[in-house]
Amino acid sequence: QAMTNCMVTNNFKAGTIALMKNSRLVFRQGYGWRDTNLSVVIHPDNIFRLASVSKPITISAITKLVNDGKLTMNTKVYSFLGIQPWGGVLGDSRITNITVQNLIDHSGGWYGGGSGGEWVFRTIDVSSAMGLTYPAAGSNIASWVFSKPLDFTPGTTNVYSNIGYQMLGRVVEKASGKSYINYLQQDMFWPYGVTNIIQSRSRPNDLNPWEIWYADASVVTLSAVDYPTNLQVRLADGGYYYESFDSFGGLSASALGLCQYMLNYWVGGDRRY
C-alpha cells in the first residue's frame, strides 16, 4: 500500500520494489506499466535508470581496488590518471592535491551540486569547445575540468559533486585496466551471480529489452548522444549522454539487482563476508 500511495501521490506510472530479510528475498513486485501506451503490465525485474544511486556502487568499486592494492584513498588523482588538461595548461595548481578520498567525500574542489550546470551534463558544450567530432566521454570531461580553476581548496569543505564521481570512474578504469562497466560486471557482480546491473543507454532503441520507458516533458533539445547532429530529442531520450554518466549516474538496474548488490557489498563500501 505504501508503494501504491507513493506512486499516486507523485503521479508515477511505473515502479518496482524488492525486499530482503536475513539475506533472503521476501517480497518482489512491479507496479504500473512498462510501455508508453500504458498497456503492458510491468514485471518486478524490469530495469530502471539509477541516477545517483550509481555513486555507492562506485565507492564499492574503489574500495575493492584499494583492498587489492591497486591504489590508496590518499592517491593523488591527477598524477594517477595521467589525463592532460585541455590546452596543455592546468587550470589550478591545487588540482594536483586532490585525493581519491576527496572525491568520495565531495570535497574535490568543485561547486555545482546536482544542478545541470555541471560540466558532466554539458557534453555538447564540452565537445564543441574541444573541437571533438563525437560526444564527450568521461576522459574528455576530465581533461576539460582539469583546465579550469577550482572553486575551493580540496578537503576544506564538502559540496555535492557529480564531477568528482565521474573522476572516480576514470580512477576505476586506470587502476583496473578495464572500462568502468566491465570492471563492475566482471570483477564485482558476475562472480556472485549479479547480472542485472548494467550501463544506462541514451537512445530508446538502445535500451536493454528489460528496461522500461521513461516519461519526460515534451520539450525537446539537441541530442547529446548524437552530437554533432542537429537531431532534437527529449532529455530522457538522448538529450543527456547517459553513457558518459557511468560512475556518477549512468547505471541501470532492477530492484532485485540492487538487493543482490547489498547482499554482497555494504552500501558504498566493502565486501560483506
# chains A, B, ... in the order shown; residues from 1 in each chain; ligands from 1
$ closest_atom_pairs --of "region 46-116 of chain A" --to "region 14-17 of chain A" --cutoff "10 Å" --atoms "only C-alpha atoms" --output "CSV"
residue,atom,partner,partner_atom,distance
A:Asn46,CA,A:Thr16,CA,7.6
A:Ile47,CA,A:Thr16,CA,8.9
A:Phe48,CA,A:Gly15,CA,8.5
$ select_by_dssp --residues "region 48-221 of chain A" --states "strand (DSSP E)" --output "list in words"
Phe48, Arg49, Ile197, Ile198, Gln199 and Thr221 of chain A
$ closest_residue --among "A:Lys174, A:Tyr261, A:Ser60, A:Leu65" --to "Gly193 (chain A)" --atoms "only C-alpha atoms"
A:Tyr261
$ closest_residue --among "A:Ile83, A:Ala18, A:Val89, A:Ala2" --to "Pro149 (chain A)" --atoms "only C-alpha atoms"
A:Val89
$ residues_around --residues "region 157-163 of chain A" --least-positions-apart "3" --cutoff "7 Å" --atoms "only C-alpha atoms" --output "mmCIF file with N, CA and C atoms, in the first residue's frame"
data_model
loop_
_atom_site.group_PDB
_atom_site.id
_atom_site.type_symbol
_atom_site.label_atom_id
_atom_site.label_comp_id
_atom_site.auth_asym_id
_atom_site.auth_seq_id
_atom_site.Cartn_x
_atom_site.Cartn_y
_atom_site.Cartn_z
ATOM 1 N N ASP A 105 34.360 12.069 -0.764
ATOM 2 C CA ASP A 105 33.741 12.946 0.236
ATOM 3 C C ASP A 105 33.115 14.205 -0.354
ATOM 4 N N HIS A 106 33.077 14.324 -1.674
ATOM 5 C CA HIS A 106 32.561 15.541 -2.328
ATOM 6 C C HIS A 106 33.345 16.769 -1.871
ATOM 7 N N SER A 107 34.636 16.604 -1.707
ATOM 8 C CA SER A 107 35.473 17.727 -1.285
ATOM 9 C C SER A 107 36.638 17.957 -2.253
ATOM 10 N N TRP A 110 35.049 21.402 -6.339
ATOM 11 C CA TRP A 110 34.088 21.911 -7.316
ATOM 12 C C TRP A 110 32.740 22.214 -6.681
ATOM 13 N N TYR A 111 32.175 23.356 -7.027
ATOM 14 C CA TYR A 111 30.783 23.647 -6.715
ATOM 15 C C TYR A 111 29.926 23.076 -7.833
ATOM 16 N N GLY A 112 28.640 23.244 -7.717
ATOM 17 C CA GLY A 112 27.740 22.801 -8.779
ATOM 18 C C GLY A 112 26.609 21.956 -8.265
ATOM 19 N N GLY A 113 26.859 21.261 -7.136
ATOM 20 C CA GLY A 113 25.796 20.431 -6.586
ATOM 21 C C GLY A 113 25.274 19.448 -7.601
ATOM 22 N N GLY A 114 23.982 19.193 -7.566
ATOM 23 C CA GLY A 114 23.381 18.270 -8.515
ATOM 24 C C GLY A 114 22.765 18.985 -9.699
ATOM 25 N N VAL A 120 29.661 17.845 -16.379
ATOM 26 C CA VAL A 120 29.321 16.461 -16.732
ATOM 27 C C VAL A 120 28.011 16.372 -17.505
ATOM 28 N N GLN A 166 32.498 11.325 -11.429
ATOM 29 C CA GLN A 166 32.917 10.944 -12.771
ATOM 30 C C GLN A 166 34.425 10.715 -12.795
ATOM 31 N N MET A 167 35.172 11.519 -12.060
ATOM 32 C CA MET A 167 36.615 11.303 -11.922
ATOM 33 C C MET A 167 36.902 9.932 -11.310
ATOM 34 N N PHE A 248 28.849 8.314 -11.955
ATOM 35 C CA PHE A 248 28.124 9.231 -11.075
ATOM 36 C C PHE A 248 26.617 9.126 -11.243
#
$ residues_around --residues "region 215-218 of chain A" --least-positions-apart "6" --cutoff "12 Å" --atoms "only C-alpha atoms" --output "list in words"
Asn11, Phe12, Lys13, Ala14, Trp33, Arg34, Asp35, Thr36, Asn37, Leu38, Phe48, Pro204, Gln232, Val233, Arg234, Leu235, Ala236, Asp237, Gly238 and Gly239 of chain A
$ atom_distance --atom1 "CA of Leu25 (chain A)" --atom2 "CA of Tyr180 (chain A)"
28.3 Å
$ closest_residue --among "A:Ala253, A:Thr156, A:Gly91, A:Ser176" --to "Trp210 (chain A)" --atoms "only C-alpha atoms"
A:Ala253
$ closest_residue --among "A:Ser23, A:Thr58, A:Thr4, A:Thr153" --to "Arg170 (chain A)" --atoms "only C-alpha atoms"
A:Thr58
$ atom_distance --atom1 "CA of Leu90 (chain A)" --atom2 "CA of Phe146 (chain A)"
5.9 Å
$ closest_atom_pairs --of "region 192-261 of chain A" --to "region 123-135 of chain A" --cutoff "7 Å" --atoms "only C-alpha atoms" --output "CSV"
residue,atom,partner,partner_atom,distance
A:Ala224,CA,A:Ile124,CA,5.8
A:Val225,CA,A:Pro135,CA,6.0
A:Tyr227,CA,A:Pro135,CA,5.5
A:Pro228,CA,A:Thr133,CA,6.4
$ select_by_dssp --residues "region 5-235 of chain A" --states "alpha helix (DSSP H)" --output "compact mmCIF listing (two decimals) with N, CA and C atoms, in the first residue's frame"
# COMPACT_ATOMS: atom_id res chain seq x y z
N ASN A 5 0.55 4.20 -2.76
CA ASN A 5 0.27 5.56 -2.31
C ASN A 5 1.33 6.53 -2.83
N CYS A 6 2.59 6.11 -2.77
CA CYS A 6 3.68 6.94 -3.26
C CYS A 6 3.53 7.22 -4.74
N MET A 7 3.18 6.20 -5.51
CA MET A 7 3.04 6.38 -6.95
C MET A 7 1.87 7.29 -7.29
N VAL A 8 0.76 7.15 -6.58
CA VAL A 8 -0.39 8.00 -6.84
C VAL A 8 -0.07 9.45 -6.47
N THR A 9 0.54 9.65 -5.31
CA THR A 9 0.86 11.00 -4.84
C THR A 9 1.77 11.73 -5.81
N ASN A 10 2.74 11.00 -6.38
CA ASN A 10 3.74 11.62 -7.26
C ASN A 10 3.44 11.44 -8.74
N SER A 54 23.93 5.25 -8.48
CA SER A 54 25.16 4.67 -9.03
C SER A 54 26.37 4.97 -8.14
N LYS A 55 26.34 6.07 -7.43
CA LYS A 55 27.52 6.52 -6.67
C LYS A 55 27.98 5.53 -5.60
N PRO A 56 27.08 4.97 -4.75
CA PRO A 56 27.55 3.99 -3.77
C PRO A 56 28.23 2.78 -4.41
N ILE A 57 27.77 2.40 -5.59
CA ILE A 57 28.39 1.27 -6.28
C ILE A 57 29.80 1.65 -6.71
N THR A 58 29.99 2.90 -7.13
CA THR A 58 31.33 3.37 -7.49
C THR A 58 32.26 3.32 -6.27
N ILE A 59 31.75 3.71 -5.11
CA ILE A 59 32.58 3.64 -3.90
C ILE A 59 32.98 2.19 -3.61
N SER A 60 32.06 1.27 -3.79
CA SER A 60 32.39 -0.14 -3.58
C SER A 60 33.49 -0.60 -4.53
N ALA A 61 33.44 -0.12 -5.77
CA ALA A 61 34.48 -0.46 -6.74
C ALA A 61 35.84 0.08 -6.29
N ILE A 62 35.85 1.34 -5.84
CA ILE A 62 37.09 1.94 -5.35
C ILE A 62 37.61 1.17 -4.14
N THR A 63 36.72 0.82 -3.22
CA THR A 63 37.12 0.09 -2.02
C THR A 63 37.75 -1.25 -2.37
N LYS A 64 37.19 -1.94 -3.35
CA LYS A 64 37.75 -3.22 -3.78
C LYS A 64 39.15 -3.03 -4.37
N LEU A 65 39.32 -2.00 -5.17
CA LEU A 65 40.62 -1.74 -5.77
C LEU A 65 41.66 -1.37 -4.71
N VAL A 66 41.24 -0.64 -3.69
CA VAL A 66 42.15 -0.33 -2.58
C VAL A 66 42.54 -1.61 -1.86
N ASN A 67 41.57 -2.46 -1.58
CA ASN A 67 41.85 -3.73 -0.91
C ASN A 67 42.76 -4.62 -1.74
N VAL A 77 44.87 12.02 -7.51
CA VAL A 77 44.10 11.63 -8.69
C VAL A 77 44.72 12.14 -9.98
N TYR A 78 45.17 13.39 -10.01
CA TYR A 78 45.66 13.97 -11.26
C TYR A 78 46.87 13.21 -11.79
N SER A 79 47.86 12.99 -10.96
CA SER A 79 49.06 12.28 -11.41
C SER A 79 48.76 10.81 -11.69
N PHE A 80 47.84 10.23 -10.94
CA PHE A 80 47.49 8.82 -11.15
C PHE A 80 46.83 8.61 -12.50
N LEU A 81 45.91 9.48 -12.86
CA LEU A 81 45.19 9.32 -14.12
C LEU A 81 46.06 9.60 -15.33
N VAL A 100 41.78 10.55 -3.87
CA VAL A 100 40.61 9.68 -4.05
C VAL A 100 39.59 9.93 -2.94
N GLN A 101 40.07 10.06 -1.70
CA GLN A 101 39.16 10.30 -0.59
C GLN A 101 38.42 11.62 -0.74
N ASN A 102 39.10 12.65 -1.26
CA ASN A 102 38.43 13.93 -1.52
C ASN A 102 37.25 13.74 -2.46
N LEU A 103 37.45 12.97 -3.51
CA LEU A 103 36.38 12.75 -4.48
C LEU A 103 35.21 12.01 -3.84
N ILE A 104 35.50 11.00 -3.05
CA ILE A 104 34.44 10.25 -2.36
C ILE A 104 33.65 11.16 -1.44
N THR A 123 27.81 17.96 -22.11
CA THR A 123 28.73 17.28 -23.03
C THR A 123 28.75 17.94 -24.41
N ILE A 124 27.64 18.51 -24.84
CA ILE A 124 27.63 19.18 -26.13
C ILE A 124 28.56 20.40 -26.08
N ASP A 125 28.46 21.18 -25.01
CA ASP A 125 29.32 22.35 -24.85
C ASP A 125 30.80 21.95 -24.83
N VAL A 126 31.10 20.88 -24.09
CA VAL A 126 32.49 20.43 -23.98
C VAL A 126 33.00 19.93 -25.32
N SER A 127 32.20 19.12 -26.01
CA SER A 127 32.60 18.61 -27.32
C SER A 127 32.86 19.75 -28.29
N SER A 128 31.98 20.73 -28.29
CA SER A 128 32.13 21.88 -29.19
C SER A 128 33.39 22.67 -28.86
N ALA A 129 33.60 22.95 -27.58
CA ALA A 129 34.76 23.75 -27.17
C ALA A 129 36.08 23.04 -27.44
N MET A 130 36.08 21.71 -27.31
CA MET A 130 37.30 20.95 -27.52
C MET A 130 37.51 20.55 -28.98
N GLY A 138 33.85 10.44 -20.52
CA GLY A 138 34.32 10.82 -19.20
C GLY A 138 35.74 11.34 -19.19
N SER A 139 36.62 10.75 -19.98
CA SER A 139 38.01 11.20 -20.03
C SER A 139 38.12 12.59 -20.65
N ASN A 140 37.24 12.90 -21.61
CA ASN A 140 37.22 14.24 -22.20
C ASN A 140 36.76 15.27 -21.18
N ILE A 141 35.74 14.92 -20.41
CA ILE A 141 35.25 15.82 -19.36
C ILE A 141 36.35 16.08 -18.35
N ALA A 142 37.08 15.03 -17.97
CA ALA A 142 38.18 15.19 -17.01
C ALA A 142 39.24 16.14 -17.55
N SER A 143 39.61 15.98 -18.81
CA SER A 143 40.60 16.86 -19.43
C SER A 143 40.12 18.31 -19.41
N TRP A 144 38.85 18.51 -19.74
CA TRP A 144 38.28 19.85 -19.75
C TRP A 144 38.26 20.46 -18.34
N VAL A 145 37.82 19.68 -17.37
CA VAL A 145 37.74 20.17 -15.99
C VAL A 145 39.12 20.48 -15.44
N PHE A 146 40.13 19.68 -15.80
CA PHE A 146 41.49 19.93 -15.33
C PHE A 146 42.05 21.26 -15.87
N ASN A 162 28.98 15.87 -8.84
CA ASN A 162 28.96 14.80 -9.84
C ASN A 162 30.30 14.69 -10.56
N ILE A 163 30.98 15.82 -10.73
CA ILE A 163 32.28 15.81 -11.37
C ILE A 163 33.24 14.89 -10.63
N GLY A 164 33.24 14.97 -9.29
CA GLY A 164 34.13 14.13 -8.50
C GLY A 164 33.89 12.65 -8.74
N TYR A 165 32.63 12.27 -8.85
CA TYR A 165 32.33 10.85 -9.05
C TYR A 165 32.58 10.41 -10.48
N GLN A 166 32.50 11.33 -11.43
CA GLN A 166 32.92 10.94 -12.77
C GLN A 166 34.42 10.72 -12.79
N MET A 167 35.17 11.52 -12.06
CA MET A 167 36.62 11.30 -11.92
C MET A 167 36.90 9.93 -11.31
N LEU A 168 36.10 9.53 -10.32
CA LEU A 168 36.31 8.22 -9.69
C LEU A 168 36.13 7.09 -10.70
N GLY A 169 35.24 7.27 -11.65
CA GLY A 169 35.10 6.26 -12.70
C GLY A 169 36.36 6.12 -13.52
N ARG A 170 37.03 7.23 -13.77
CA ARG A 170 38.29 7.17 -14.51
C ARG A 170 39.38 6.53 -13.66
N VAL A 171 39.31 6.73 -12.34
CA VAL A 171 40.25 6.06 -11.43
C VAL A 171 40.04 4.55 -11.48
N VAL A 172 38.79 4.12 -11.47
CA VAL A 172 38.49 2.68 -11.58
C VAL A 172 39.08 2.12 -12.86
N GLU A 173 38.92 2.84 -13.96
CA GLU A 173 39.43 2.36 -15.24
C GLU A 173 40.95 2.28 -15.25
N LYS A 174 41.59 3.31 -14.73
CA LYS A 174 43.06 3.33 -14.71
C LYS A 174 43.61 2.22 -13.82
N ALA A 175 43.01 2.03 -12.66
CA ALA A 175 43.51 1.04 -11.70
C ALA A 175 43.25 -0.39 -12.14
N SER A 176 42.13 -0.60 -12.83
CA SER A 176 41.74 -1.97 -13.21
C SER A 176 42.18 -2.35 -14.61
N TYR A 180 34.88 1.09 -16.97
CA TYR A 180 34.16 1.13 -15.69
C TYR A 180 33.12 0.02 -15.60
N ILE A 181 32.25 -0.09 -16.60
CA ILE A 181 31.17 -1.08 -16.53
C ILE A 181 31.72 -2.49 -16.59
N ASN A 182 32.78 -2.73 -17.37
CA ASN A 182 33.34 -4.07 -17.43
C ASN A 182 33.95 -4.48 -16.10
N TYR A 183 34.58 -3.54 -15.40
CA TYR A 183 35.13 -3.87 -14.08
C TYR A 183 34.00 -4.23 -13.11
$ atom_distance --atom1 "CA of Asp187 (chain A)" --atom2 "CA of Ala137 (chain A)"
22.6 Å
$ residues_around --residues "Gly109 (chain A)" --least-positions-apart "3" --cutoff "6 Å" --atoms "only C-alpha atoms" --output "VMD selection string"
chain A and resid 150 to 154
